[in-house]
Amino acid sequence: MQKSAYEIKKEICEVGHKLYDKGFVAANDGNISVKVNDNEFYCTPTGVSKGDLTPDMIIKIDGTGKKLEGKLNPSSEIKMHLRVYKERPDVNAVVHAHPPIATAFTVAGVELDQYILPEAVLTIGNVPTCEYGTPSTMEIPDSLMPYIQKHDAFLLKNHGALTIGFSLQKAQFVMEEVEFNAKICKYARELGGVEEIPCEQLEKLMELRKKMQIPGRHPGCKRCANLGTDKCRCKDNAKGEHTCTCHSEKPASSQDALIAEITKKVLSALGH
Ligand code: 13P
């Protein structure tokens with residue numbers, strides 16, 4: 001059943017309050033939007049604490065960002081939200097916040113790409129860090145472009161996080177998952193190191209994801225994508241053990257990978 005305008009506005013406020021209560025935003029940080037149809041969206045106003053949001057503050061805009069309803073002005077980051085809706089028709093809600101631990105990863109230049117918790121592997125996979133951009137400019141929407149088709153969660157370099165979903169609740173849950181994953185990763189590093197989930201177990205999780213029909217896009221296994229290159233981390237558990245069976249069947253170095261690629265091309269040119 002379609003939600004009323006009031007229900008949508010109330011939900012946006014509730015998510016804003018949760019972000020504020022969880023410490024994912026300070027002062028007037030963060031913004032939230034919901035798609036009504038291809039040319040109508042509700043969004044949070046600029047310069048208001050997400051902890052103080054009330055339904056009468058929520059603004060309706062069109063697909064160009066023009067205000068259709070509301071007393072206040074739309075979020076200064078609305079271009080980022082509208083770009084997501086343009087590129088991802090499956091997305092109905094966008095949440096931007098500054099969750100402190102995930103944001104600290106981007107500040108420290110540490111990727112949030114280690115597979116440490118089954119839930120995070122199932123729902124978000126690795127979270128890419130988008131190139132730094134000046135807030136409110138087209139630099140931020142542009143920085144999402146390399147990742148937008150395969151991910152539902154993004155870190156914005158030295159800035160914060162962006163999560164998207166088919167519903168507002170889903171986008172909010174993904175935001176919580178990103179921060180929780182970052183927190184556990186930070187704790188594990190402080191306790192002496194991260195033992196990642198081995199490749200064989202990752203494969204099972206990917207299968208499970210298919211079976212459970214978990215909604216949203218997923219980047220797949222970044223580790224598999226790096227097999228045979230210098231970025232391969234298949235044997236990176238804390239004990240230095242080799243955890244990946246597929247590794248032995250694949251080229252072991254970037255040079256081997258290059259030779260394999262050239263051989264493939266030559267064979268294909270020869271009609272094999
Ligand atoms: P707005 O108040 O304009 O939505 O901006 C908050 C913010 O987090 C900017 O990155």
# chains A, B, ... in the order shown; residues from 1 in each chain; ligands from 1

$ closest_atom_pairs --of "chain A" --to "ligand 1" --cutoff "6 Å" --atoms "only C-alpha atoms and all ligand atoms" --output "tab-separated table"
residue	atom	partner	partner_atom_place_in_ligand_line	distance
A:Asn28	CA	ligand 1	2 (O)	5.3
A:Asp29	CA	ligand 1	8 (O)	3.6
A:Gly30	CA	ligand 1	8 (O)	3.6
A:Asn31	CA	ligand 1	4 (O)	4.6
A:Thr46	CA	ligand 1	2 (O)	3.5
A:Gly47	CA	ligand 1	2 (O)	3.8
A:Val48	CA	ligand 1	2 (O)	5.8
A:Ser75	CA	ligand 1	4 (O)	3.7
A:Ser76	CA	ligand 1	3 (O)	3.6
A:Glu77	CA	ligand 1	4 (O)	5.6
A:Pro135	CA	ligand 1	10 (O)	5.5

$ select_by_dssp --residues "range 28-191 of chain A" --states "alpha helix (DSSP H)" --output "PyMOL selection string"
chain A and resi 78-87+100-108+118-123+139-144+168-190

$ residues_around --residues "Ile148 in chain A" --least-positions-apart "3" --cutoff "9 Å" --atoms "only C-alpha atoms" --output "list in words"
Val84, Glu87, Arg88, Leu144, Met145, His151, Asp152, Ala153 and Phe154 of chain A

$ write_last_selection --atoms "N, CA, C and O atoms" --output "PDB file, in the first residue's frame"
ATOM      1  N   VAL A  84      22.131   9.592  -7.600  1.00  0.00           N
ATOM      2  CA  VAL A  84      21.901   8.181  -7.254  1.00  0.00           C
ATOM      3  C   VAL A  84      20.585   7.714  -7.892  1.00  0.00           C
ATOM      4  O   VAL A  84      20.534   6.657  -8.532  1.00  0.00           O
ATOM      5  N   GLU A  87      20.974   7.221 -11.656  1.00  0.00           N
ATOM      6  CA  GLU A  87      21.806   6.076 -12.070  1.00  0.00           C
ATOM      7  C   GLU A  87      21.227   4.734 -11.614  1.00  0.00           C
ATOM      8  O   GLU A  87      21.559   3.709 -12.191  1.00  0.00           O
ATOM      9  N   ARG A  88      20.434   4.766 -10.549  1.00  0.00           N
ATOM     10  CA  ARG A  88      19.944   3.506  -9.971  1.00  0.00           C
ATOM     11  C   ARG A  88      18.417   3.548  -9.798  1.00  0.00           C
ATOM     12  O   ARG A  88      17.904   3.843  -8.703  1.00  0.00           O
ATOM     13  N   LEU A 144      31.043   9.100  -7.162  1.00  0.00           N
ATOM     14  CA  LEU A 144      30.328   7.823  -6.943  1.00  0.00           C
ATOM     15  C   LEU A 144      30.329   6.952  -8.193  1.00  0.00           C
ATOM     16  O   LEU A 144      30.105   5.737  -8.122  1.00  0.00           O
ATOM     17  N   MET A 145      30.541   7.606  -9.344  1.00  0.00           N
ATOM     18  CA  MET A 145      30.308   6.923 -10.620  1.00  0.00           C
ATOM     19  C   MET A 145      31.044   5.598 -10.822  1.00  0.00           C
ATOM     20  O   MET A 145      30.458   4.657 -11.331  1.00  0.00           O
ATOM     21  N   HIS A 151      27.456  -1.252  -5.952  1.00  0.00           N
ATOM     22  CA  HIS A 151      27.476  -1.117  -4.491  1.00  0.00           C
ATOM     23  C   HIS A 151      26.233  -0.393  -3.980  1.00  0.00           C
ATOM     24  O   HIS A 151      25.657   0.440  -4.689  1.00  0.00           O
ATOM     25  N   ASP A 152      25.884  -0.701  -2.712  1.00  0.00           N
ATOM     26  CA  ASP A 152      24.812   0.041  -2.034  1.00  0.00           C
ATOM     27  C   ASP A 152      25.370   0.866  -0.872  1.00  0.00           C
ATOM     28  O   ASP A 152      24.612   1.517  -0.158  1.00  0.00           O
ATOM     29  N   ALA A 153      26.687   0.791  -0.656  1.00  0.00           N
ATOM     30  CA  ALA A 153      27.323   1.543   0.433  1.00  0.00           C
ATOM     31  C   ALA A 153      28.644   2.113  -0.069  1.00  0.00           C
ATOM     32  O   ALA A 153      29.401   1.419  -0.768  1.00  0.00           O
ATOM     33  N   PHE A 154      28.910   3.365   0.281  1.00  0.00           N
ATOM     34  CA  PHE A 154      30.102   4.058  -0.213  1.00  0.00           C
ATOM     35  C   PHE A 154      30.701   4.875   0.926  1.00  0.00           C
ATOM     36  O   PHE A 154      29.961   5.467   1.718  1.00  0.00           O
TER      37      PHE A 154
END

$ residues_around --residues "Gln169 in chain A" --least-positions-apart "3" --cutoff "9 Å" --atoms "only C-alpha atoms" --output "MDAnalysis selection string"
chainID A and resid 11 15 93 165:166 172:174

$ closest_residue --among "A:Thr137, A:Leu122, A:Ile184, A:Cys199" --to "Gln213 in chain A" --atoms "only C-alpha atoms"
A:Leu122
